[in-house]
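Visitor: Structure file upload.cif (mmCIF, C-alpha atoms) right here:
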```
data_model
loop_
_atom_site.group_PDB
_atom_site.id
_atom_site.type_symbol
_atom_site.label_atom_id
_atom_site.label_comp_id
_atom_site.auth_asym_id
_atom_site.auth_seq_id
_atom_site.Cartn_x
_atom_site.Cartn_y
_atom_site.Cartn_z
ATOM 1 C CA MET A 15 0.000 0.000 0.000
ATOM 2 C CA LEU A 16 1.213 3.519 -0.731
ATOM 3 C CA TYR A 17 1.875 5.784 2.263
ATOM 4 C CA ARG A 18 3.266 9.239 2.824
ATOM 5 C CA GLY A 19 5.674 9.853 5.651
ATOM 6 C CA SER A 20 7.928 12.466 7.159
ATOM 7 C CA CYS A 21 10.129 13.395 10.044
ATOM 8 C CA HIS A 22 8.598 15.395 12.907
ATOM 9 C CA CYS A 23 9.259 18.853 11.418
ATOM 10 C CA LYS A 24 8.406 17.669 7.870
ATOM 11 C CA ALA A 25 11.724 18.873 6.444
ATOM 12 C CA VAL A 26 12.197 15.262 5.255
ATOM 13 C CA SER A 27 9.217 13.763 3.456
ATOM 14 C CA PHE A 28 8.722 10.650 1.355
ATOM 15 C CA LYS A 29 6.260 8.268 -0.179
ATOM 16 C CA VAL A 30 6.617 4.520 0.090
ATOM 17 C CA ASP A 31 4.855 1.401 -1.105
ATOM 18 C CA VAL A 32 5.225 -0.956 1.850
ATOM 19 C CA ASP A 33 3.412 -3.933 3.357
ATOM 20 C CA LEU A 34 2.570 -3.410 7.039
ATOM 21 C CA THR A 35 1.416 -6.963 7.751
ATOM 22 C CA ASN A 36 4.828 -8.065 9.126
ATOM 23 C CA PRO A 37 6.513 -5.125 10.873
ATOM 24 C CA ILE A 38 9.232 -5.704 13.449
ATOM 25 C CA THR A 39 10.591 -4.235 16.635
ATOM 26 C CA CYS A 40 14.126 -4.932 17.767
ATOM 27 C CA ASN A 41 15.809 -5.054 21.157
ATOM 28 C CA CYS A 42 19.310 -4.026 20.012
ATOM 29 C CA SER A 43 20.899 -1.139 21.907
ATOM 30 C CA TYR A 44 19.841 1.342 19.211
ATOM 31 C CA CYS A 45 16.294 0.229 18.325
ATOM 32 C CA GLN A 46 15.232 -0.363 21.909
ATOM 33 C CA ARG A 47 16.044 3.211 22.832
ATOM 34 C CA ARG A 48 14.270 4.626 19.763
ATOM 35 C CA GLY A 49 11.093 2.531 19.996
ATOM 36 C CA ASN A 50 10.857 2.090 16.246
ATOM 37 C CA ILE A 51 8.383 -0.157 14.497
ATOM 38 C CA LEU A 52 10.024 -1.065 11.190
ATOM 39 C CA ALA A 53 8.645 -2.250 7.868
ATOM 40 C CA PHE A 54 10.934 -3.168 4.978
ATOM 41 C CA THR A 55 10.543 -2.570 1.267
ATOM 42 C CA PRO A 56 12.811 -2.722 -1.795
ATOM 43 C CA GLU A 57 14.540 0.599 -2.500
ATOM 44 C CA GLN A 58 12.605 1.132 -5.746
ATOM 45 C CA ASN A 59 9.368 1.366 -3.697
ATOM 46 C CA PHE A 60 10.669 4.417 -1.813
ATOM 47 C CA THR A 61 10.776 8.015 -3.074
ATOM 48 C CA LEU A 62 12.388 10.782 -1.046
ATOM 49 C CA GLU A 63 10.297 13.841 -1.900
ATOM 50 C CA SER A 64 12.099 16.498 0.148
ATOM 51 C CA GLY A 65 14.919 16.948 2.603
ATOM 52 C CA LYS A 66 17.869 15.157 1.020
ATOM 53 C CA ASP A 67 20.036 18.083 2.135
ATOM 54 C CA LYS A 68 18.690 17.751 5.708
ATOM 55 C CA LEU A 69 19.642 14.082 6.183
ATOM 56 C CA THR A 70 22.467 13.129 8.503
ATOM 57 C CA GLU A 71 23.824 9.592 8.574
ATOM 58 C CA TYR A 72 24.716 7.444 11.573
ATOM 59 C CA ARG A 73 26.299 3.984 11.336
ATOM 60 C CA PHE A 74 27.298 1.594 14.095
ATOM 61 C CA ASN A 75 28.255 -2.038 14.726
ATOM 62 C CA THR A 76 28.815 -3.521 11.236
ATOM 63 C CA ASN A 77 28.372 -0.093 9.560
ATOM 64 C CA LYS A 78 26.132 -1.678 6.902
ATOM 65 C CA ILE A 79 22.916 0.204 7.676
ATOM 66 C CA GLU A 80 22.594 3.913 6.846
ATOM 67 C CA HIS A 81 20.521 5.271 9.717
ATOM 68 C CA LEU A 82 19.324 8.573 8.250
ATOM 69 C CA PHE A 83 17.835 11.252 10.434
ATOM 70 C CA CYS A 84 16.693 14.833 10.024
ATOM 71 C CA SER A 85 19.344 17.351 11.055
ATOM 72 C CA VAL A 86 16.579 19.775 12.096
ATOM 73 C CA CYS A 87 14.354 17.666 14.395
ATOM 74 C CA GLY A 88 16.496 14.535 14.899
ATOM 75 C CA MET A 89 13.838 12.062 13.753
ATOM 76 C CA GLU A 90 14.929 8.880 11.955
ATOM 77 C CA SER A 91 12.031 8.165 9.631
ATOM 78 C CA PHE A 92 13.879 5.601 7.497
ATOM 79 C CA SER A 93 17.186 3.826 6.965
ATOM 80 C CA ARG A 94 18.843 2.101 4.032
ATOM 81 C CA GLY A 95 20.652 -1.215 3.790
ATOM 82 C CA GLU A 96 20.700 -4.558 2.014
ATOM 83 C CA ALA A 97 18.753 -7.764 2.487
ATOM 84 C CA PRO A 98 20.822 -10.940 2.960
ATOM 85 C CA ASP A 99 20.487 -11.621 -0.798
ATOM 86 C CA GLY A 100 21.958 -8.177 -1.631
ATOM 87 C CA THR A 101 18.681 -6.473 -2.562
ATOM 88 C CA LYS A 102 18.821 -2.781 -1.649
ATOM 89 C CA MET A 103 16.156 -2.140 0.975
ATOM 90 C CA VAL A 104 14.616 0.695 2.941
ATOM 91 C CA ALA A 105 13.450 0.221 6.528
ATOM 92 C CA VAL A 106 10.648 2.665 7.259
ATOM 93 C CA ASN A 107 9.792 3.769 10.771
ATOM 94 C CA VAL A 108 6.055 3.000 10.680
ATOM 95 C CA ARG A 109 5.477 5.603 13.379
ATOM 96 C CA CYS A 110 6.443 8.251 10.783
ATOM 97 C CA LEU A 111 3.767 7.215 8.266
ATOM 98 C CA GLU A 112 0.554 9.211 7.915
ATOM 99 C CA ASP A 113 -2.792 7.600 8.700
ATOM 100 C CA VAL A 114 -1.415 4.417 10.291
ATOM 101 C CA ASP A 115 -2.892 3.235 13.589
ATOM 102 C CA VAL A 116 0.170 1.585 15.155
ATOM 103 C CA SER A 117 -1.966 0.077 17.912
ATOM 104 C CA SER A 118 -3.579 -2.141 15.253
ATOM 105 C CA LEU A 119 -0.202 -3.653 14.280
ATOM 106 C CA ASN A 120 1.315 -6.766 15.788
ATOM 107 C CA PRO A 121 5.061 -6.364 15.263
ATOM 108 C CA THR A 122 7.394 -9.332 15.577
ATOM 109 C CA MET A 123 10.179 -8.921 18.135
ATOM 110 C CA VAL A 124 13.652 -9.489 16.652
ATOM 111 C CA ASP A 125 16.483 -10.302 19.055
ATOM 112 C CA GLY A 126 19.108 -7.909 17.731
ATOM 113 C CA ARG A 127 20.790 -7.701 21.137
ATOM 114 C CA SER A 128 22.153 -11.255 20.818
ATOM 115 C CA ARG A 129 23.605 -10.782 17.332
#
```
Could you write out this structure as structure tokens?
Guide:
Amino acid sequence: MLYRGSCHCKAVSFKVDVDLTNPITCNCSYCQRRGNILAFTPEQNFTLESGKDKLTEYRFNTNKIEHLFCSVCGMESFSRGEAPDGTKMVAVNVRCLEDVDVSSLNPTMVDGRSR
């Protein structure tokens, strides 16, 4: 389904075609603190509409995931990386999507802390 999303201040905005039937949460040191609910989609399903110049990147651990956040409000609305098969993917913070009732979702917990 097609959604629109943004950071808190709306300096970064995007549209994304993403399936919300299997979102995840993660207990790694980063995700647990942020409280993200993540949904993944191939990169071609994601269009950054504004704010490319406002994005700041943070990488940690294996340095493979581009955690991108707004330099104005600090919100990470999406990140970029690769699936195990090499497909370029975008992980969208579902909490940053318009018109999504996150209480209706049943995210799967991923044990990122033990990896």
Visitor: Skip Met103 (chain A) itself and residues of its chain fewer than 3 positions away, then list as a VMD selection string all residues within 10 Å of it, counting all atoms listed in the file.
Guide: chain A and resid 54 to 60 79 93 to 97 100 106
Visitor: Rank A:Gln46, A:Lys78, A:Tyr72, A:Leu62 by their smallest atom-to-atom distance to Pro98 (chain A), using only C-alpha atoms, and report the top residue only.
Guide: A:Lys78
Visitor: Near Leu82 (chain A), counting only C-alpha atoms, which residues have an atom at most 8 Å away, once you skip same-chain residues fewer than 2 positions from it, shown as a list in words?
Guide: Leu69, Thr70, Glu71, Tyr72, Glu80, Cys84, Glu90, Ser91, Phe92, Ser93 and Arg94 of chain A
Visitor: Take the PyMOL selection byres ((chain A and resi 51) around 6), run it mentally on this structure, and tell me the resulting residues as an NGL selection string.
Guide: :A and (38-39 or 50 or 52 or 107-108)
Visitor: Which residues of region 28-99 of chain A come within 8 Å of region 115-119 of chain A, and for each one, what is the closest pair of atoms and their distance in Å to one decimal, counting all atoms listed in the file, sorted by chain and residue number, as CSV?
Guide:
```
residue,atom,partner,partner_atom,distance
A:Leu34,CA,A:Leu119,CA,7.8
A:Thr35,CA,A:Leu119,CA,7.5
A:Pro37,CA,A:Leu119,CA,7.7
```
Visitor: Tell me which residues come within 9 Å of (11.7, 19.0, 8.5), as an mmCIF file with C-alpha atoms, in the frame of the given file, counting all atoms listed in the file in the file's coordinates.
Guide:
```
data_model
loop_
_atom_site.group_PDB
_atom_site.id
_atom_site.type_symbol
_atom_site.label_atom_id
_atom_site.label_comp_id
_atom_site.auth_asym_id
_atom_site.auth_seq_id
_atom_site.Cartn_x
_atom_site.Cartn_y
_atom_site.Cartn_z
ATOM 1 C CA SER A 20 7.928 12.466 7.159
ATOM 2 C CA CYS A 21 10.129 13.395 10.044
ATOM 3 C CA HIS A 22 8.598 15.395 12.907
ATOM 4 C CA CYS A 23 9.259 18.853 11.418
ATOM 5 C CA LYS A 24 8.406 17.669 7.870
ATOM 6 C CA ALA A 25 11.724 18.873 6.444
ATOM 7 C CA VAL A 26 12.197 15.262 5.255
ATOM 8 C CA SER A 27 9.217 13.763 3.456
ATOM 9 C CA SER A 64 12.099 16.498 0.148
ATOM 10 C CA GLY A 65 14.919 16.948 2.603
ATOM 11 C CA LYS A 68 18.690 17.751 5.708
ATOM 12 C CA CYS A 84 16.693 14.833 10.024
ATOM 13 C CA SER A 85 19.344 17.351 11.055
ATOM 14 C CA VAL A 86 16.579 19.775 12.096
ATOM 15 C CA CYS A 87 14.354 17.666 14.395
ATOM 16 C CA MET A 89 13.838 12.062 13.753
#
```
Visitor: Using CA of Gly49 (chain A) and CA of Glu63 (chain A) as the two end points, give the distance in Å to one decimal.
Guide: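 These atoms are spaced 24.7 Å apart.
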Visitor: Quick one: distance from CA of Arg48 (chain A) to CA of Phe28 (chain A) in Å, one decimal?
Guide: 20.1 Å
Visitor: In terms of the shortest atom-to-atom distance over all atoms listed in the file, which of A:Asp113, A:Arg18, A:Asn75, A:Lys29 is closest to Cys42 (chain A)?
Guide: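 Looking only at the distances to Cys42 (chain A), the closest residue turns out to be A:Asn75.
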Visitor: A:Asp67, A:Ala53, A:Ser43, A:Asp99: which is nearest Asn120 (chain A), counting only C-alpha atoms?
Guide: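 Of A:Asp67, A:Ala53, A:Ser43, A:Asp99, the one nearest Asn120 (chain A), counting only C-alpha atoms, is A:Ala53.
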Visitor: For CA of Asn41 (chain A) and CA of Lys66 (chain A), quote the distance in Å rounded to one decimal.
Guide: 28.6 Å
Visitor: Out of A:Cys40, A:Ala105, A:Val32, A:His81, which residue has the shortest atom-to-atom distance to Thr122 (chain A) when counting all atoms listed in the file?
Guide: A:Cys40
Visitor: Please determine, counting all atoms listed in the file, which residue among A:Arg47, A:Arg109, A:Lys102, A:Arg129 has the shortest atom-to-atom distance to Thr76 (chain A).
Guide: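 Nearest to Thr76 (chain A): A:Arg129.
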Visitor: Here is a test: counting only C-alpha atoms, which residue of A:Phe83, A:Met15, A:Met123, A:Asn36 is nearest to Cys110 (chain A)?
Guide: A:Phe83
Visitor: Return as an MDAnalysis selection string the set of residues that the PyMOL selection byres ((chain A and resi 16) around 6) yields on the displayed structure.
Guide: chainID A and resid 15 17 30:31
Visitor: Generate the output file for the selected residues, C-alpha atoms, as a PDB file, in the coordinates of the input.
Guide:
```pdb
ATOM      1  CA  MET A  15       0.000   0.000   0.000  1.00  0.00           C
ATOM      2  CA  TYR A  17       1.875   5.784   2.263  1.00  0.00           C
ATOM      3  CA  VAL A  30       6.617   4.520   0.090  1.00  0.00           C
ATOM      4  CA  ASP A  31       4.855   1.401  -1.105  1.00  0.00           C
TER       5      ASP A  31
END
```
Visitor: Region 86-97 of chain A, all listed atoms, 8 Å padding on each side: what axis-aligned box centre and edge lengths in Å to one decimal come out, as lines of an AutoDock Vina configuration file?
Guide:
```
center_x = 16.4
center_y = 6.0
center_z = 8.5
size_x = 24.7
size_y = 43.5
size_z = 28.9
```
